[in-house]
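Asker: Provided herewith: target33.pdb, PDB, C-alpha atoms.
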```pdb
ATOM      1  CA  MET A   1     108.787-120.416  73.302
ATOM      2  CA  ALA A   2     108.338-118.140  76.288
ATOM      3  CA  TRP A   3     110.736-115.257  76.268
ATOM      4  CA  THR A   4     112.302-115.750  79.660
ATOM      5  CA  VAL A   5     113.809-112.757  81.404
ATOM      6  CA  GLU A   6     117.432-113.410  82.127
ATOM      7  CA  PRO A   7     118.999-111.821  85.223
ATOM      8  CA  LYS A   8     121.527-109.845  83.186
ATOM      9  CA  HIS A   9     118.645-108.050  81.516
ATOM     10  CA  PHE A  10     117.288-106.675  84.750
ATOM     11  CA  ASN A  11     120.250-105.563  86.775
ATOM     12  CA  ARG A  12     120.543-102.506  88.954
ATOM     13  CA  ASN A  13     121.570-100.430  85.975
ATOM     14  CA  PHE A  14     118.265-101.262  84.346
ATOM     15  CA  GLU A  15     116.327-100.168  87.425
ATOM     16  CA  LEU A  16     118.108 -96.825  87.394
ATOM     17  CA  ARG A  17     117.163 -96.428  83.758
ATOM     18  CA  SER A  18     113.557 -97.300  84.534
ATOM     19  CA  ARG A  19     113.413 -94.323  86.867
ATOM     20  CA  LYS A  20     114.932 -92.167  84.173
ATOM     21  CA  LEU A  21     112.253 -93.440  81.794
ATOM     22  CA  ALA A  22     109.536 -92.387  84.222
ATOM     23  CA  MET A  23     111.059 -88.906  84.298
ATOM     24  CA  GLU A  24     111.112 -88.720  80.516
ATOM     25  CA  GLU A  25     107.472 -89.740  80.307
ATOM     26  CA  ALA A  26     106.538 -87.052  82.805
ATOM     27  CA  LYS A  27     107.686 -84.411  80.344
ATOM     28  CA  GLY A  28     104.630 -85.260  78.239
ATOM     29  CA  LEU A  29     106.196 -84.593  74.851
ATOM     30  CA  VAL A  30     104.168 -85.727  71.847
ATOM     31  CA  LYS A  31     105.875 -86.695  68.616
ATOM     32  CA  ARG A  32     104.491 -87.138  65.139
ATOM     33  CA  MET A  33     106.465 -89.323  62.769
ATOM     34  CA  LEU A  34     105.856 -89.355  59.032
ATOM     35  CA  LEU A  35     107.321 -91.766  56.527
ATOM     36  CA  VAL A  36     106.933 -90.488  53.002
ATOM     37  CA  LYS A  37     107.538 -91.734  49.469
ATOM     38  CA  PHE A  38     107.439 -88.945  46.931
ATOM     39  CA  LYS A  39     105.949 -89.666  43.521
ATOM     40  CA  ASP A  40     108.487 -90.621  40.870
ATOM     41  CA  GLY A  41     107.169 -87.732  38.781
ATOM     42  CA  THR A  42     108.040 -85.041  41.325
ATOM     43  CA  PRO A  43     111.355 -83.433  40.235
ATOM     44  CA  PRO A  44     114.166 -83.434  42.842
ATOM     45  CA  ALA A  45     114.289 -79.616  42.807
ATOM     46  CA  GLN A  46     110.606 -79.496  43.722
ATOM     47  CA  ILE A  47     111.140 -82.006  46.525
ATOM     48  CA  GLU A  48     113.908 -79.771  47.882
ATOM     49  CA  GLU A  49     111.522 -76.786  47.889
ATOM     50  CA  ILE A  50     108.890 -78.823  49.681
ATOM     51  CA  LEU A  51     111.471 -79.821  52.303
ATOM     52  CA  LYS A  52     112.520 -76.180  52.822
ATOM     53  CA  ASN A  53     108.916 -75.099  53.223
ATOM     54  CA  TYR A  54     108.226 -77.996  55.589
ATOM     55  CA  ALA A  55     111.267 -77.141  57.710
ATOM     56  CA  ASN A  56     110.198 -73.517  57.796
ATOM     57  CA  LEU A  57     106.940 -74.407  59.557
ATOM     58  CA  VAL A  58     108.857 -74.159  62.863
ATOM     59  CA  ASN A  59     109.183 -70.431  62.128
ATOM     60  CA  LEU A  60     105.554 -69.966  61.149
ATOM     61  CA  VAL A  61     103.541 -72.327  63.368
ATOM     62  CA  GLU A  62     104.323 -71.637  67.004
ATOM     63  CA  PRO A  63     103.059 -74.950  68.511
ATOM     64  CA  LEU A  64     105.626 -76.890  66.436
ATOM     65  CA  LYS A  65     108.504 -77.196  68.895
ATOM     66  CA  SER A  66     111.033 -78.965  66.663
ATOM     67  CA  TRP A  67     111.319 -80.540  63.231
ATOM     68  CA  HIS A  68     113.814 -83.161  62.078
ATOM     69  CA  MET A  69     114.141 -84.687  58.643
ATOM     70  CA  GLY A  70     116.181 -87.495  57.135
ATOM     71  CA  LYS A  71     116.549 -89.226  53.811
ATOM     72  CA  ASN A  72     116.463 -92.985  53.958
ATOM     73  CA  VAL A  73     119.853 -94.616  53.425
ATOM     74  CA  SER A  74     118.946 -98.068  54.755
ATOM     75  CA  ILE A  75     120.388-101.050  52.905
ATOM     76  CA  MET A  76     118.202-103.578  54.775
ATOM     77  CA  ASN A  77     115.491-103.790  52.112
ATOM     78  CA  LEU A  78     112.844-103.294  54.815
ATOM     79  CA  ASP A  79     112.076 -99.662  53.905
ATOM     80  CA  GLN A  80     109.041-100.406  51.691
ATOM     81  CA  GLY A  81     110.223 -97.675  49.326
ATOM     82  CA  PHE A  82     109.868 -94.806  51.805
ATOM     83  CA  THR A  83     112.355 -92.066  50.942
ATOM     84  CA  HIS A  84     112.034 -89.550  53.797
ATOM     85  CA  VAL A  85     111.390 -89.470  57.544
ATOM     86  CA  PHE A  86     109.980 -86.436  59.357
ATOM     87  CA  GLU A  87     109.993 -86.080  63.147
ATOM     88  CA  LEU A  88     107.799 -83.337  64.614
ATOM     89  CA  THR A  89     107.789 -82.633  68.351
ATOM     90  CA  PHE A  90     105.133 -80.885  70.422
ATOM     91  CA  GLU A  91     104.874 -80.091  74.121
ATOM     92  CA  SER A  92     101.452 -81.748  74.442
ATOM     93  CA  ALA A  93      98.590 -83.330  72.520
ATOM     94  CA  LYS A  94      96.856 -79.951  72.748
ATOM     95  CA  ARG A  95      99.778 -78.253  70.991
ATOM     96  CA  LEU A  96      99.730 -80.937  68.278
ATOM     97  CA  ALA A  97      96.020 -80.255  67.724
ATOM     98  CA  GLU A  98      96.773 -76.521  67.432
ATOM     99  CA  TYR A  99      99.423 -77.295  64.824
ATOM    100  CA  VAL A 100      97.059 -79.513  62.844
ATOM    101  CA  ASP A 101      94.403 -76.786  62.819
ATOM    102  CA  HIS A 102      96.815 -73.939  61.990
ATOM    103  CA  PRO A 103      96.049 -72.437  58.545
ATOM    104  CA  VAL A 104      99.743 -72.409  57.557
ATOM    105  CA  HIS A 105      99.906 -76.157  58.264
ATOM    106  CA  THR A 106      96.720 -76.745  56.296
ATOM    107  CA  GLU A 107      98.125 -74.792  53.340
ATOM    108  CA  PHE A 108     101.367 -76.767  53.474
ATOM    109  CA  SER A 109      99.548 -80.114  53.690
ATOM    110  CA  ASN A 110      97.405 -79.261  50.688
ATOM    111  CA  ARG A 111     100.563 -78.509  48.670
ATOM    112  CA  LEU A 112     102.417 -81.597  49.890
ATOM    113  CA  ARG A 113      99.711 -84.212  49.406
ATOM    114  CA  PRO A 114      99.599 -84.276  45.570
ATOM    115  CA  HIS A 115     103.310 -85.184  45.525
ATOM    116  CA  LEU A 116     103.032 -88.220  47.806
ATOM    117  CA  ASP A 117     103.076 -91.741  46.461
ATOM    118  CA  LYS A 118     102.468 -93.033  50.006
ATOM    119  CA  VAL A 119     102.671 -91.874  53.588
ATOM    120  CA  VAL A 120     102.486 -93.305  57.109
ATOM    121  CA  VAL A 121     101.705 -91.044  60.064
ATOM    122  CA  ILE A 122     102.274 -92.193  63.649
ATOM    123  CA  THR A 123     101.671 -90.121  66.784
ATOM    124  CA  TYR A 124     103.219 -91.168  70.094
ATOM    125  CA  GLU A 125     104.543 -90.083  73.445
ATOM    126  CA  PRO A 126     108.207 -91.138  73.395
ATOM    127  CA  THR A 127     109.823 -92.946  76.255
ATOM    128  CA  ALA A 128     113.604 -92.934  76.468
ATOM    129  CA  PHE A 129     116.490 -95.066  77.601
ATOM    130  CA  SER A 130     119.707 -93.190  76.922
ATOM    131  CA  THR A 131     123.297 -94.147  77.660
TER     132      THR A 131
ATOM    133  CA  MET B 132     101.587 -75.477  39.760
ATOM    134  CA  ALA B 133     105.083 -74.387  40.679
ATOM    135  CA  TRP B 134     105.547 -74.036  44.390
ATOM    136  CA  THR B 135     106.762 -70.475  44.506
ATOM    137  CA  VAL B 136     108.963 -69.394  47.373
ATOM    138  CA  GLU B 137     107.318 -66.541  49.213
ATOM    139  CA  PRO B 138     109.562 -63.968  50.901
ATOM    140  CA  LYS B 139     108.154 -64.723  54.348
ATOM    141  CA  HIS B 140     109.454 -68.257  54.018
ATOM    142  CA  PHE B 141     113.054 -67.187  53.570
ATOM    143  CA  ASN B 142     113.626 -64.360  55.985
ATOM    144  CA  ARG B 143     116.726 -63.739  58.049
ATOM    145  CA  ASN B 144     115.427 -66.071  60.741
ATOM    146  CA  PHE B 145     115.374 -68.877  58.213
ATOM    147  CA  GLU B 146     118.966 -68.170  57.182
ATOM    148  CA  LEU B 147     120.047 -68.392  60.818
ATOM    149  CA  ARG B 148     118.282 -71.716  61.079
ATOM    150  CA  SER B 149     119.974 -72.938  57.915
ATOM    151  CA  ARG B 150     123.341 -72.399  59.574
ATOM    152  CA  LYS B 151     122.091 -74.236  62.636
ATOM    153  CA  LEU B 152     121.001 -77.066  60.351
ATOM    154  CA  ALA B 153     124.496 -77.302  58.888
ATOM    155  CA  MET B 154     125.877 -77.583  62.411
ATOM    156  CA  GLU B 155     123.451 -80.351  63.283
ATOM    157  CA  GLU B 156     124.410 -82.296  60.179
ATOM    158  CA  ALA B 157     128.088 -81.959  61.083
ATOM    159  CA  LYS B 158     127.467 -83.983  64.234
ATOM    160  CA  GLY B 159     127.026 -87.017  61.994
ATOM    161  CA  LEU B 160     124.419 -88.808  64.097
ATOM    162  CA  VAL B 161     122.748 -91.777  62.458
ATOM    163  CA  LYS B 162     119.236 -92.822  63.425
ATOM    164  CA  ARG B 163     117.355 -96.012  62.787
ATOM    165  CA  MET B 164     113.583 -95.830  62.881
ATOM    166  CA  LEU B 165     111.397 -98.929  63.093
ATOM    167  CA  LEU B 166     107.638 -99.058  62.701
ATOM    168  CA  VAL B 167     106.250-102.324  63.987
ATOM    169  CA  LYS B 168     102.914-104.111  64.070
ATOM    170  CA  PHE B 169     102.901-107.031  66.476
ATOM    171  CA  LYS B 170     100.958-110.140  65.545
ATOM    172  CA  ASP B 171      97.441-110.276  66.969
ATOM    173  CA  GLY B 172      98.378-113.595  68.559
ATOM    174  CA  THR B 173     101.205-112.160  70.685
ATOM    175  CA  PRO B 174      99.834-111.599  74.225
ATOM    176  CA  PRO B 175     100.206-108.059  75.636
ATOM    177  CA  ALA B 176     102.343-109.355  78.518
ATOM    178  CA  GLN B 177     104.768-110.872  76.036
ATOM    179  CA  ILE B 178     104.904-107.631  74.070
ATOM    180  CA  GLU B 179     105.784-105.807  77.293
ATOM    181  CA  GLU B 180     108.649-108.243  77.910
ATOM    182  CA  ILE B 181     109.908-107.736  74.382
ATOM    183  CA  LEU B 182     109.831-103.963  74.906
ATOM    184  CA  LYS B 183     111.787-104.255  78.170
ATOM    185  CA  ASN B 184     114.394-106.439  76.516
ATOM    186  CA  TYR B 185     114.600-104.076  73.547
ATOM    187  CA  ALA B 186     115.046-101.061  75.816
ATOM    188  CA  ASN B 187     117.724-102.904  77.752
ATOM    189  CA  LEU B 188     119.922-103.190  74.648
ATOM    190  CA  VAL B 189     121.324 -99.739  75.535
ATOM    191  CA  ASN B 190     122.864-101.416  78.602
ATOM    192  CA  LEU B 191     124.216-104.393  76.706
ATOM    193  CA  VAL B 192     125.258-103.099  73.281
ATOM    194  CA  GLU B 193     127.694-100.227  73.670
ATOM    195  CA  PRO B 194     127.353 -98.680  70.176
ATOM    196  CA  LEU B 195     123.632 -98.025  70.804
ATOM    197  CA  LYS B 196     123.694 -94.438  72.075
ATOM    198  CA  SER B 197     119.988 -93.984  72.812
ATOM    199  CA  TRP B 198     116.670 -95.767  72.430
ATOM    200  CA  HIS B 199     113.195 -94.244  72.346
ATOM    201  CA  MET B 200     109.886 -96.027  72.036
ATOM    202  CA  GLY B 201     106.300 -94.959  71.575
ATOM    203  CA  LYS B 202     102.917 -96.579  71.117
ATOM    204  CA  ASN B 203     100.875 -95.192  68.264
ATOM    205  CA  VAL B 204      97.942 -93.025  69.392
ATOM    206  CA  SER B 205      97.252 -91.357  66.036
ATOM    207  CA  ILE B 206      93.609 -90.844  65.114
ATOM    208  CA  MET B 207      94.409 -89.855  61.506
ATOM    209  CA  ASN B 208      93.833 -93.310  60.000
ATOM    210  CA  LEU B 209      97.173 -93.039  58.175
ATOM    211  CA  ASP B 210      99.042 -95.412  60.487
ATOM    212  CA  GLN B 211      98.611 -98.545  58.321
ATOM    213  CA  GLY B 212      98.073-100.545  61.501
ATOM    214  CA  PHE B 213     101.541 -99.950  62.954
ATOM    215  CA  THR B 214     101.387-100.115  66.744
ATOM    216  CA  HIS B 215     104.887 -99.096  67.901
ATOM    217  CA  VAL B 216     107.705 -96.741  66.894
ATOM    218  CA  PHE B 217     111.339 -97.313  67.888
ATOM    219  CA  GLU B 218     114.034 -94.656  67.499
ATOM    220  CA  LEU B 219     117.631 -95.811  67.826
ATOM    221  CA  THR B 220     120.521 -93.333  67.697
ATOM    222  CA  PHE B 221     124.177 -93.981  66.882
ATOM    223  CA  GLU B 222     127.199 -91.699  66.662
ATOM    224  CA  SER B 223     128.073 -92.854  63.137
ATOM    225  CA  ALA B 224     127.241 -95.370  60.415
ATOM    226  CA  LYS B 225     130.200 -97.400  61.704
ATOM    227  CA  ARG B 226     128.630 -97.609  65.174
ATOM    228  CA  LEU B 227     125.306 -98.678  63.642
ATOM    229  CA  ALA B 228     127.116-101.463  61.781
ATOM    230  CA  GLU B 229     128.737-102.560  65.057
ATOM    231  CA  TYR B 230     125.297-102.665  66.688
ATOM    232  CA  VAL B 231     123.826-104.703  63.841
ATOM    233  CA  ASP B 232     126.668-107.230  64.072
ATOM    234  CA  HIS B 233     126.629-107.444  67.892
ATOM    235  CA  PRO B 234     125.608-110.949  69.078
ATOM    236  CA  VAL B 235     123.208-109.537  71.703
ATOM    237  CA  HIS B 236     121.406-107.597  68.955
ATOM    238  CA  THR B 237     121.299-110.690  66.748
ATOM    239  CA  GLU B 238     119.820-112.724  69.599
ATOM    240  CA  PHE B 239     117.209-110.045  70.272
ATOM    241  CA  SER B 240     116.271-109.767  66.580
ATOM    242  CA  ASN B 241     115.816-113.515  66.308
ATOM    243  CA  ARG B 242     113.419-113.422  69.268
ATOM    244  CA  LEU B 243     111.539-110.361  68.033
ATOM    245  CA  ARG B 244     110.987-111.379  64.420
ATOM    246  CA  PRO B 245     108.479-114.237  64.966
ATOM    247  CA  HIS B 246     106.143-111.774  66.734
ATOM    248  CA  LEU B 247     106.016-109.187  63.949
ATOM    249  CA  ASP B 248     103.054-108.906  61.626
ATOM    250  CA  LYS B 249     104.919-106.207  59.682
ATOM    251  CA  VAL B 250     107.873-103.871  60.061
ATOM    252  CA  VAL B 251     109.439-100.896  58.292
ATOM    253  CA  VAL B 252     113.065 -99.973  58.942
ATOM    254  CA  ILE B 253     114.488 -96.614  57.854
ATOM    255  CA  THR B 254     118.040 -95.396  58.445
ATOM    256  CA  TYR B 255     118.871 -91.709  58.135
ATOM    257  CA  GLU B 256     121.083 -88.840  59.229
ATOM    258  CA  PRO B 257     118.693 -86.403  60.884
ATOM    259  CA  THR B 258     118.745 -82.711  60.152
ATOM    260  CA  ALA B 259     117.115 -80.356  62.619
ATOM    261  CA  PHE B 260     115.233 -77.105  62.771
ATOM    262  CA  SER B 261     114.355 -76.373  66.383
ATOM    263  CA  THR B 262     112.591 -73.390  67.898
TER     264      THR B 262
END
```
When written as structure tokens, how does the structure in this file appear?
Answerer:
Amino acid sequence: MAWTVEPKHFNRNFELRSRKLAMEEAKGLVKRMLLVKFKDGTPPAQIEEILKNYANLVNLVEPLKSWHMGKNVSIMNLDQGFTHVFELTFESAKRLAEYVDHPVHTEFSNRLRPHLDKVVVITYEPTAFST
Amino acid sequence: MAWTVEPKHFNRNFELRSRKLAMEEAKGLVKRMLLVKFKDGTPPAQIEEILKNYANLVNLVEPLKSWHMGKNVSIMNLDQGFTHVFELTFESAKRLAEYVDHPVHTEFSNRLRPHLDKVVVITYEPTAFST
């Protein structure tokens, strides 16, 4: 079935938002999203330390503009066992590359990796439609 | 190996950020993150229409506070084939529930689902450390 575009979906309000979207894109922010499942054998206290050290990278690695974290509370059964989300924001792809190459990031990654059961990493330039 | 906390990781700056974190948490925002891989058989033009209709939910479903989208450009080979990220923000878990139950959301979901090769859905209350 073709997904027909109904008029209500493309009203004037939508056009205004499309212009806003273009403005958002022009900012050129780059985000890195990680979904993580810690190993069952990693004690909760150690996970908390890892999270503190991860959060603290914004103080130690200048190209990292912001860091957000969340624990999964979904009840949809579509989470594939992932327990944590991390959102990292950079001002450009160049700044992301600087972060990746930073020795403090490398040290953190080497400490994090042994505790991961699985991980997904996505990099993207976010577009936005906000109310 | 115990992950020892080094003094540089917990300086006064970090304490200030911890208070900021507490403030962020108090806002009570709830985010829903979706990672999606569209089926190979779904034509790009149809994917674009789906994205437009998804974005337009902020105009049609009042509890949806903001909507961000990004196409994966990661070169890390940890993306498990996911092609798109969607970030949806709500003012509370109650507002998220209202969104989920909204007939326009249900209609959209029913149209989206047949085009998905795979999907991960995570719900979380984001914390923040920003520079």
Asker: Please report the interatomic distance between atom CA of Ala55 of chain A and atom CA of Leu227 of chain B in Å with one decimal.
Answerer: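 Going from atom CA of Ala55 of chain A over to atom CA of Leu227 of chain B covers 26.4 Å.
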Asker: Could you check the closest approach to chain A for each of B:Gly159, B:Gly172, B:Pro257, B:Pro234 and tell me which residue wins, using only C-alpha atoms?
Answerer: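 Counting only C-alpha atoms, the residue closest to chain A is B:Pro257.
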Asker: How many Å separate atom CA of Lys183 of chain B from atom CA of Met76 of chain A?
Answerer: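 Taking atom CA of Lys183 of chain B and atom CA of Met76 of chain A, their separation equals 24.3 Å.
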Asker: Can you check which residues of chain A have any atom within 6 Å of chain B? Use all atoms listed in the file and format it as a list in words.
Answerer: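 That gives Lys65, Ser66, Trp67, His68, Met69, Gly70, Lys71, Asn72, Val73, Ser74, Leu78, Asp79, Val120, Val121, Ile122, Thr123, Tyr124, Glu125, Pro126, Thr127, Ala128, Phe129, Ser130 and Thr131 of chain A for chain A.
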Asker: Report, in Å with one decimal, the straight-line distance from atom CA of Glu107 of chain A to atom CA of Leu51 of chain A.
Answerer: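 That distance, rounded to one decimal, is 14.3 Å.
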Asker: Of the candidates A:Glu98, A:Lys37, A:Leu29, A:Ala45, which one gets nearest to Val61 of chain A if we count only C-alpha atoms?
Answerer: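 Under the stated criterion, the closest residue is A:Glu98.
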